[in-house]
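Colleague: The structure's right below; bear with me while I get my questions together.
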Number of protein chains: 2
Amino acid sequence: MARKTGSKSEITGPRIREAALSLFAQQGYAAVSMRQIARAVGVQAGALYLYTSDKQSLLFDLMRDHMDGLLAASAAEPKAATPLDRLQQFTRFHILYHLERPDAVFVSYMELRNLNPENFAAIEGLRRQYEQTLEAILKDGLAEGVFRLPDTKLATLALIAMLTGVNTWYRQGGRLGPDKIASIYWDMVRKAVAA
Amino acid sequence: MARKTGSKSEITGPRIREAALSLFAQQGYAAVSMRQIARAVGVQAGALYLYTSDKQSLLFDLMRDHMDGLLAASAAEPKAATPLDRLQQFTRFHILYHLERPDAVFVSYMELRNLNPENFAAIEGLRRQYEQTLEAILKDGLAEGVFRLPDTKLATLALIAMLTGVNTWYRQGGRLGPDKIASIYWDMVRKAVAA
DNA sequence: CTGGGAAATGAACAGGTGTTCATATAAACT
DNA sequence: AGTTTATATGAACACCTGTTCATTTCCCAG
């Protein structure tokens, strides 16, 4: 037997990526086998290689797509007038965007060490690019005197770690919804950088 | 051949844990084989089972030891008088303690999903216990009116994520030493919770 | 100097790994 | 209806996995 009824490239490809993302998030890249991914899709392991050159590329593509999406969505946000407004917008955007795709966020943060050096450098570059959008806001606010920070670079990393941390404890149906959480975090962010 | 000259139980045991911790931190629990750990120690794979019942226990013991050490060191800190001083002490302690043992911290945060449910619950309990030392400080400061926080629980998690985040970017010999970093973070923490 | 026990070996077990490829099949096009 | 082509199979490859255990070696107590 071969080629099941109703099988199509445009369907199987995305399904493989979805299954891989979900499994990588749950069990980790190294702990998930290609046969396991294939089973989740309902296909034999060999068929995966029609859609990805190897397991490493499967991981890398997932991470790069996530970072590309993040940067595109970030760039598409309307530009607020003041540094304070832009910081508020960044805070809300970061929390809401990350809460909407927990698997991709988790994989992109946890599986960095499973990328080969070349792929690691690529993802690292995209991550730095995203961090710079926040750093630029902080620098502007500093120049205008509306923020006071002991160290812009450290403040950038500290704020991002704080915001991304939401993903580690947030569970759907919990005490607080994403919007409320974003408001609470904005209160702390605003004060942390205040002049 | 068997039993090399000069081999002792009191030496091999710790060496296995050190090698496992280092390898788990670098490559991840699932990606590291027992033979790899044995090779790093200079022993055959079978010998590992004289010191651990299985791979899972090896991971769990490393994580539990780390959490026990963290809680013990935290409890041994001198108790400052005011909530503000206690918060400063917690901030400094957390950053310095974590920067001193990056491998144990990394493994304890990244390998939670590789614990079986029972072991996971145990580590989770210790982690919550540690978080409560910070939450207690925040609650005291709130009661005394020296802090103003929209949500104590979220502030606890936000601050810990921010502080632990230092480990993700800190490299020895970098621009700033641990003490300076702790000062900078304290400035942001203090402002974030200020009344 | 010898016996006993601790410490380590190395082979074996049953099964899993990523990846390739000749082959088979279903869908799409003429 | 018949042919081409994309899509999938399933067997095979060489090797690695965690764990067990009979056997061997070395150290130490008497």
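Following the order of the structure tokens, first chain is A, next is B, and so on, with residues numbered from 1 inside each chain and ligands from 1 in the order they appear.
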Could you pull out all residues of chain B with a DSSP call of alpha helix (DSSP H) and give them as a PyMOL selection string?

Modeller: chain B and resi 9-27+34-41+55-76+83-100+102-110+117-144+152-164+166-169+178-193

Colleague: Please report as a list in words which residues of chain A come no farther than 6 Å from chain B, using only C-alpha atoms.

Modeller: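 Residues passing the distance filter: Ala30, Ala31, Pro150, Ala158, Ala161, Met162, Gly165, Ile184, Met188, Lys191 and Ala192 of chain A.
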
Colleague: Restricting the output to all heavy atoms, write the selected residues as a tab-separated table (two decimals), in the first residue's frame.

Modeller:
chain	number	residue	atom	x	y	z
A	30	ALA	N	14.94	16.40	21.77
A	30	ALA	CA	15.75	15.18	21.81
A	30	ALA	C	14.93	13.96	22.18
A	30	ALA	O	15.24	12.85	21.77
A	30	ALA	CB	16.91	15.36	22.78
A	31	ALA	N	13.86	14.18	22.93
A	31	ALA	CA	13.07	13.05	23.43
A	31	ALA	C	12.00	12.61	22.43
A	31	ALA	O	11.37	11.58	22.60
A	31	ALA	CB	12.43	13.41	24.76
A	150	PRO	N	19.51	52.48	35.44
A	150	PRO	CA	20.94	52.35	35.76
A	150	PRO	C	21.73	51.79	34.59
A	150	PRO	O	22.90	52.07	34.45
A	150	PRO	CB	20.96	51.39	36.95
A	150	PRO	CG	19.65	50.69	36.93
A	150	PRO	CD	18.67	51.59	36.25
A	158	ALA	N	16.13	42.49	31.52
A	158	ALA	CA	15.34	42.26	32.74
A	158	ALA	C	13.85	42.32	32.42
A	158	ALA	O	13.08	41.46	32.86
A	158	ALA	CB	15.71	43.28	33.80
A	161	ALA	N	12.71	39.28	30.27
A	161	ALA	CA	12.64	38.07	31.10
A	161	ALA	C	11.38	38.10	31.96
A	161	ALA	O	10.67	37.09	32.09
A	161	ALA	CB	13.87	37.96	31.98
A	162	MET	N	11.10	39.26	32.51
A	162	MET	CA	9.90	39.40	33.34
A	162	MET	C	8.63	39.15	32.54
A	162	MET	O	7.74	38.42	32.98
A	162	MET	CB	9.90	40.81	33.94
A	162	MET	CG	8.74	41.15	34.80
A	162	MET	SD	9.06	42.77	35.59
A	162	MET	CE	7.43	43.48	35.52
A	165	GLY	N	8.24	35.59	31.29
A	165	GLY	CA	7.98	34.71	32.43
A	165	GLY	C	6.51	34.38	32.61
A	165	GLY	O	6.16	33.35	33.18
A	184	ILE	N	-1.54	44.54	34.80
A	184	ILE	CA	-0.78	44.42	36.05
A	184	ILE	C	0.72	44.53	35.78
A	184	ILE	O	1.45	45.21	36.50
A	184	ILE	CB	-1.11	43.08	36.74
A	184	ILE	CG1	-2.56	43.12	37.25
A	184	ILE	CG2	-0.15	42.79	37.87
A	184	ILE	CD1	-3.07	41.78	37.78
A	188	MET	N	3.92	47.46	36.83
A	188	MET	CA	5.25	47.22	37.38
A	188	MET	C	6.35	47.72	36.45
A	188	MET	O	7.36	48.28	36.90
A	188	MET	CB	5.43	45.72	37.68
A	188	MET	CG	4.51	45.25	38.81
A	188	MET	SD	4.82	43.54	39.35
A	188	MET	CE	4.07	42.61	38.04
A	191	LYS	N	6.66	51.56	36.59
A	191	LYS	CA	7.35	52.04	37.80
A	191	LYS	C	8.85	51.70	37.76
A	191	LYS	O	9.69	52.50	38.19
A	191	LYS	CB	6.70	51.42	39.04
A	191	LYS	CG	5.35	52.09	39.37
A	191	LYS	CD	4.50	51.22	40.27
A	191	LYS	CE	5.13	51.00	41.64
A	191	LYS	NZ	4.33	50.04	42.43
A	192	ALA	N	9.18	50.52	37.24
A	192	ALA	CA	10.58	50.10	37.24
A	192	ALA	C	11.48	51.04	36.44
A	192	ALA	O	12.65	51.21	36.77
A	192	ALA	CB	10.70	48.68	36.70

Colleague: Enter the distance from CA of Leu70 in chain B to CA of Leu134 in chain B, in Å, rounded to one decimal.

Modeller: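 Straight-line distance from CA of Leu70 in chain B to CA of Leu134 in chain B works out to 13.2 Å.
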
Colleague: For chain C versus range 9-26 of chain D, which residues have an atom no more than 10 Å away, and what is each residue's nearest atom pair and distance in Å rounded to one decimal, using only C-alpha atoms (C1' of nucleotides), chain-then-number order, as a tab-separated table?

Modeller:
residue	atom	partner	partner_atom	distance
C:DA6	C1'	D:DC26	C1'	9.1
C:DA7	C1'	D:DC26	C1'	8.2
C:DA8	C1'	D:DT25	C1'	7.8
C:DT9	C1'	D:DT24	C1'	7.3
C:DG10	C1'	D:DT23	C1'	9.4
C:DA11	C1'	D:DC21	C1'	9.6
C:DA12	C1'	D:DT20	C1'	8.8
C:DC13	C1'	D:DT20	C1'	8.5
C:DG15	C1'	D:DT17	C1'	8.2
C:DG16	C1'	D:DT17	C1'	6.8
C:DT17	C1'	D:DC16	C1'	6.7
C:DT19	C1'	D:DC13	C1'	8.7
C:DT20	C1'	D:DC13	C1'	8.3
C:DC21	C1'	D:DA12	C1'	9.2
C:DA22	C1'	D:DA11	C1'	9.8
C:DT23	C1'	D:DT9	C1'	8.2
C:DA24	C1'	D:DT9	C1'	7.4
C:DT25	C1'	D:DT9	C1'	9.2

Colleague: Export, as a short mmCIF file (atom, residue, chain, number, x, y, z; two decimals), in the first residue's frame, the selected residues with N, CA and C atoms (P, O5', C5', C4', C3', O3' and C1' of nucleotides).

Modeller:
data_model
loop_
_atom_site.label_atom_id
_atom_site.label_comp_id
_atom_site.auth_asym_id
_atom_site.auth_seq_id
_atom_site.Cartn_x
_atom_site.Cartn_y
_atom_site.Cartn_z
P DA C 6 30.64 -4.90 51.21
"O5'" DA C 6 31.20 -3.53 50.63
"C5'" DA C 6 32.48 -3.07 51.05
"C4'" DA C 6 33.28 -2.55 49.86
"C3'" DA C 6 32.45 -1.73 48.84
"O3'" DA C 6 33.23 -0.59 48.52
"C1'" DA C 6 33.59 -3.46 47.73
P DA C 7 32.66 0.55 47.59
"O5'" DA C 7 33.27 0.17 46.18
"C5'" DA C 7 34.68 0.18 46.02
"C4'" DA C 7 35.03 -0.12 44.58
"C3'" DA C 7 34.19 0.64 43.56
"O3'" DA C 7 35.08 1.16 42.59
"C1'" DA C 7 34.12 -1.67 43.09
P DA C 8 34.62 2.21 41.49
"O5'" DA C 8 34.65 1.32 40.17
"C5'" DA C 8 35.89 0.78 39.73
"C4'" DA C 8 35.65 -0.32 38.74
"C3'" DA C 8 34.84 0.04 37.51
"O3'" DA C 8 35.71 0.15 36.39
"C1'" DA C 8 34.32 -2.13 38.34
P DT C 9 35.12 0.28 34.89
"O5'" DT C 9 35.10 -1.22 34.42
"C5'" DT C 9 36.32 -1.98 34.47
"C4'" DT C 9 36.06 -3.38 33.94
"C3'" DT C 9 35.57 -3.41 32.48
"O3'" DT C 9 36.41 -4.31 31.77
"C1'" DT C 9 34.14 -4.68 33.89
P DG C 10 36.77 -4.02 30.24
"O5'" DG C 10 35.68 -4.90 29.50
"C5'" DG C 10 35.66 -6.30 29.74
"C4'" DG C 10 34.34 -6.87 29.26
"C3'" DG C 10 33.82 -6.27 27.95
"O3'" DG C 10 33.14 -7.30 27.25
"C1'" DG C 10 32.19 -6.06 29.55
P DA C 11 33.34 -7.59 25.74
"O5'" DA C 11 32.38 -8.84 25.52
"C5'" DA C 11 32.27 -9.82 26.54
"C4'" DA C 11 30.80 -10.10 26.85
"C3'" DA C 11 29.89 -10.08 25.62
"O3'" DA C 11 29.07 -11.23 25.67
"C1'" DA C 11 28.97 -8.75 27.32
P DA C 12 28.32 -11.79 24.36
"O5'" DA C 12 26.79 -11.65 24.78
"C5'" DA C 12 26.39 -12.09 26.09
"C4'" DA C 12 25.11 -11.40 26.45
"C3'" DA C 12 24.12 -11.26 25.30
"O3'" DA C 12 23.00 -12.10 25.54
"C1'" DA C 12 24.27 -9.27 26.62
P DC C 13 21.82 -12.28 24.50
"O5'" DC C 13 20.76 -11.21 25.02
"C5'" DC C 13 20.25 -11.31 26.36
"C4'" DC C 13 19.24 -10.20 26.58
"C3'" DC C 13 18.36 -9.96 25.36
"O3'" DC C 13 17.04 -10.38 25.64
"C1'" DC C 13 19.25 -7.90 26.24
P DG C 15 11.24 -6.62 22.74
"O5'" DG C 15 11.33 -5.08 22.33
"C5'" DG C 15 11.55 -4.11 23.36
"C4'" DG C 15 12.32 -2.96 22.82
"C3'" DG C 15 11.76 -2.37 21.52
"O3'" DG C 15 11.34 -1.06 21.79
"C1'" DG C 15 14.12 -2.41 21.53
P DG C 16 10.43 -0.20 20.81
"O5'" DG C 16 11.32 1.10 20.58
"C5'" DG C 16 11.97 1.73 21.69
"C4'" DG C 16 13.04 2.65 21.16
"C3'" DG C 16 12.60 3.46 19.94
"O3'" DG C 16 12.80 4.84 20.19
"C1'" DG C 16 14.66 2.34 19.53
P DT C 17 12.39 5.92 19.08
"O5'" DT C 17 13.77 6.23 18.33
"C5'" DT C 17 14.90 6.69 19.09
"C4'" DT C 17 16.04 7.04 18.15
"C3'" DT C 17 15.59 7.61 16.81
"O3'" DT C 17 15.38 9.00 16.97
"C1'" DT C 17 17.34 5.99 16.52
P DT C 19 17.72 12.89 10.37
"O5'" DT C 19 17.85 11.81 9.21
"C5'" DT C 19 19.10 11.12 9.06
"C4'" DT C 19 18.98 10.06 7.98
"C3'" DT C 19 18.27 10.52 6.70
"O3'" DT C 19 19.22 10.51 5.64
"C1'" DT C 19 17.59 8.34 7.35
P DT C 20 18.85 10.91 4.14
"O5'" DT C 20 18.69 9.49 3.43
"C5'" DT C 20 19.74 8.54 3.57
"C4'" DT C 20 19.39 7.28 2.79
"C3'" DT C 20 18.86 7.55 1.38
"O3'" DT C 20 19.55 6.68 0.48
"C1'" DT C 20 17.36 6.14 2.58
P DC C 21 19.50 6.94 -1.12
"O5'" DC C 21 18.52 5.79 -1.59
"C5'" DC C 21 18.62 4.49 -1.02
"C4'" DC C 21 17.47 3.61 -1.50
"C3'" DC C 21 16.88 4.03 -2.84
"O3'" DC C 21 16.57 2.86 -3.59
"C1'" DC C 21 15.18 3.97 -1.24
P DA C 22 16.90 2.85 -5.19
"O5'" DA C 22 16.04 1.60 -5.69
"C5'" DA C 22 16.24 0.33 -5.09
"C4'" DA C 22 14.90 -0.34 -4.80
"C3'" DA C 22 13.99 -0.51 -6.01
"O3'" DA C 22 13.39 -1.80 -5.95
"C1'" DA C 22 12.87 0.73 -4.34
P DT C 23 12.41 -2.29 -7.13
"O5'" DT C 23 10.98 -1.94 -6.53
"C5'" DT C 23 10.57 -2.57 -5.31
"C4'" DT C 23 9.26 -1.97 -4.86
"C3'" DT C 23 8.14 -2.02 -5.90
"O3'" DT C 23 7.12 -2.86 -5.39
"C1'" DT C 23 8.21 0.06 -4.76
P DA C 24 5.88 -3.25 -6.33
"O5'" DA C 24 4.73 -2.30 -5.77
"C5'" DA C 24 4.33 -2.43 -4.41
"C4'" DA C 24 3.40 -1.29 -4.06
"C3'" DA C 24 2.15 -1.20 -4.95
"O3'" DA C 24 1.04 -1.10 -4.08
"C1'" DA C 24 3.22 0.90 -4.81
P DT C 25 -0.41 -1.52 -4.60
"O5'" DT C 25 -1.20 -0.15 -4.56
"C5'" DT C 25 -1.18 0.61 -3.35
"C4'" DT C 25 -1.35 2.06 -3.69
"C3'" DT C 25 -2.61 2.40 -4.49
"O3'" DT C 25 -3.48 3.03 -3.61
"C1'" DT C 25 -0.71 3.69 -5.13
#

Colleague: Could you name the residues that touch Asp179 in chain A at 9 Å or less, counting only C-alpha atoms (C1' of nucleotides), but leaving out those on the same chain fewer than 6 positions away, as an MDAnalysis selection string?

Modeller: chainID A and resid 92 95:96

Colleague: Let's have the selection written as a PDB file, in the first residue's frame, with N, CA and C atoms.

Modeller:
ATOM      1  N   ARG A  92       2.178  45.263  26.413  1.00  0.00           N
ATOM      2  CA  ARG A  92       0.924  44.576  26.078  1.00  0.00           C
ATOM      3  C   ARG A  92       1.117  43.612  24.915  1.00  0.00           C
ATOM      4  N   ILE A  95       3.206  40.408  25.913  1.00  0.00           N
ATOM      5  CA  ILE A  95       2.457  39.448  26.743  1.00  0.00           C
ATOM      6  C   ILE A  95       1.367  38.766  25.932  1.00  0.00           C
ATOM      7  N   LEU A  96       0.576  39.541  25.211  1.00  0.00           N
ATOM      8  CA  LEU A  96      -0.547  38.946  24.478  1.00  0.00           C
ATOM      9  C   LEU A  96      -0.063  38.031  23.342  1.00  0.00           C
TER      10      LEU A  96
END

Colleague: Would you kindly return, as a list in words, each protein, DNA or RNA residue with an atom no farther than 12 Å from any atom of Arg171 in chain A, considering only C-alpha atoms (C1' of nucleotides) and excluding same-chain residues fewer than 4 positions away?

Modeller: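 So, after excluding close chain neighbours, the residues are Leu99, Glu100, Pro102, Val166, Asn167, Arg175, Leu176, Gly177, Pro178 and Ile181 of chain A.
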
Colleague: Could you check which of A:Ala38, A:Gln172, A:Gln44, A:Leu23 is closest to chain D, using only C-alpha atoms (C1' of nucleotides)?

Modeller: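 Of the candidates, the smallest distance to chain D is held by A:Gln44.
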